[in-house]
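A short worksheet on the structure shown next.
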Amino acid sequence: MNLFLALISVAGIAGGIGLLYLSWRGKLPALSAKIVGWTVIAASGAGSVLAWGPEFGPLYLFLMMSLAAGLFVALEAEAWVAKAPWQRAGLPAFKLAGWATHIGMFLFVFLVGGLASLSSAILLGLVVPGEFVDGVALAVLLTPVLWGGAFFWATAYWRSARIGLPLILVFTLLMLFIF
Amino acid sequence: MTLPQHLVKNALQSHSWLGLMASALMYIICLTGTLLVFHAELEQWEQAKAPVAAKLDMEAAERTFNEFIARGEGVTPHMYLVLPKDDSPVARIATETESWFLTEAGELGEKEANQWSELLLDLHLYLHLPESWGMIFVSALGAVLVGLIISGFLAHPGLFRDAFRFRQRRNAQVSETDLHNRLSVWGAPFHLTIAITGAYFGLALPLLAIVAEAKFDGEREQVVAAVFGEEPVMTPASGFIEINDAIAQIKVMDPEALPLNVIVHDAHTEEPLLEIYARHPGRFIWGEGYQFTIKGEFIQKAGWSDSSIGQQVLYSIYRLHFGNFDGYLSKFLYLLLGLALTVVAATGTNIWLSKRRKEDGLDDLWAGIVWGTPLALAISAVATIFSNTWLVELFWLTLIAAMAFCLQMKNAQAARRWLKITLALSLLLLLVAHYIAFGAAALTGGALLINGLLCLALVCILFDREIRSRPAAVEINSVATN
């Protein structure tokens, strides 16, 4: 690690986020502050790569951005006030039918969505040109994204998901084992 | 660009349900994962008096390792010599089931006993469920986290407008919502990285099975060989295992490589393979594997450092997930961001509870989970100083007891206050008990770091206003609403 470049990079990231914060607060002209802010952040990203190398550098850029933004959000925090308690009710009379439906939905996506995501990702990994192990790596990275998308699809658009996910599963398994 | 209203509405519904379904388990996984960033230090903390071997006598260690294998008793197919590292200056000889420390002089020392660290790791990896499907279940929660990130962004039309907003002076719903949104939006790259890399651990076996069936007629060994590289065919050999000779060759091949572990594969057979894993600084890969005969003749590199991109990516997932890739800088960054993710998990359910405009048993249960989990970890850690039995059972019983206590209190704010006080007392007891048990060793190395973080946690809890102020009495409405 190049310490000098690392410190410059961190300062640049904080400064860039600071410019975005000041433009959000209206203390600086919005457009120019945003352009300069993002430019400083991008330049700091380059500095981060030079400081920490091509693997750690980009990750540190994102991690430092998160922390810098968190600091500025903390500046916005108002004084803490005790939360007023709500009127108390008896034991929860939650709708069991609603929970049972969603638990069932969860299990459906866990099994069907999980297998569909896995087989889709593997199919894509095996089909894309390149080495076999590159395809496996692609499948490994893509599966949780597709599976997460399946969870979103099922909970946001259940009617289409309950038909769509099994169809995708059958199609991708057929493609995998026949072709 | 404005998102269609129906998309925002459906995304919010999806986010709410996914969050509620997974909240308790997600919270436990996030909290334990954050603590596990310091796994190496926790192991040192647990056995603070274990011999430190930062300057290990390698000649003596090599002799001791060879003697251990030669005696035959307890030798398993894989035998390990774990070398000291920056964050873990201990050396060990290990079988597949047991492990013994080495002194700096290379002599066999006490047995390793880190049941509490194992409790924490097993809780994170598979929630103490049966390992075979527990890990897959936890991987599914990684996928749920991806779903939450997708739905969270789509459900947040005011993403840029509220970029730095944090209205803590408003009611609970607004302040929790602002905290949840700010931490989750700005931490999204980290959360996505954790979710995707975390899902890998449980998906590896199902993926292996499907790929084997699709491409290799069900032969799983062929998939393993294609992904991880073929093991060389060894000729019969026996005698002294030339570890130091092999390490010297590694230093010539790759001067920057730092040896981590020595593994003897098939140690109980006549064709053993010597493999040394070495860290490559500046890389996410766990290490490069250098394969030798036991006589120290170089065979090949495993290829993790310079082979295909896919192999390098797969071998980088572990360090990328656990944050142990760049010393204490990456660890402390992961600690802070991991805590932020844990707060996101907690505030999500807080938002839903506060939207209901009433308090009931669900508020109590949630308070019990949020504050009962760290309390259960603290109490089981206190127990481990005296005995290493029934730790898992103690953890779960404590958590259930915390939830039962909260239900019985019928006042979530009061229950939270008492749990925080109990947690503070437990942390204090833990610090005192650890010092009494280990003396000056409690103030060195990894133990000092962990005790320092415990002190910091204790101070943060003591400064919590909820502890210092009396909760308001809550009027009980005997008629159940909704």
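In the structure tokens, each chain is lettered A, B, ... as it comes, each chain's residues begin at 1, and ligands are numbered from 1 in order of appearance.
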
Counting only C-alpha atoms, what is within 10 Å of range 277-279 of chain B, bar same-chain residues fewer than 3 positions away, as a ChimeraX atom specification?
-> /B:82,85,247,250-251,254,256-263,282-291,301-302,305,325

Please run DSSP on the backbone and report, as an MDAnalysis selection string, all residues within range 252-437 of chain B that come out as helix (DSSP H, G or I).
-> chainID B and resid 252:253 309:322 327:355 361:386 391:409 412:437

Taking into account only C-alpha atoms, which residue in the set B:Leu141, B:Pro255, B:Leu119, B:Gly310 is nearest to Leu107 in chain A?
->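 Answer, going by the shortest atom-to-atom distance: B:Leu141.
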
Best match for closeness to chain A among B:Asp178, B:Asp306, B:Glu62, B:Glu230, counting only C-alpha atoms =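 Nearest candidate to chain A out of B:Asp178, B:Asp306, B:Glu62, B:Glu230: B:Asp178.
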
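Across A:Ile178, A:Met64, A:Leu118, A:Ala100, the tightest approach to Leu333 in chain B is made by A:Met64 when counting only C-alpha atoms.
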
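We find CA of Val52 in chain B and CA of Leu35 in chain B to be spaced 22.7 Å apart.
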
Long-range neighbours of Phe108 in chain A as a PyMOL selection string, 10 Å cut-off, only C-alpha atoms, 2 positions minimum in chain | chain A and resi 102-106+110-114+151+154+162+165-166

Select, from A:Ala77, A:Phe62, A:Pro54, A:Gly47, the residue with the minimum atom-to-atom distance to Ser175 in chain B, counting only C-alpha atoms.
->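 Going through A:Ala77, A:Phe62, A:Pro54, A:Gly47 one by one, the smallest distance to Ser175 in chain B is for A:Ala77.
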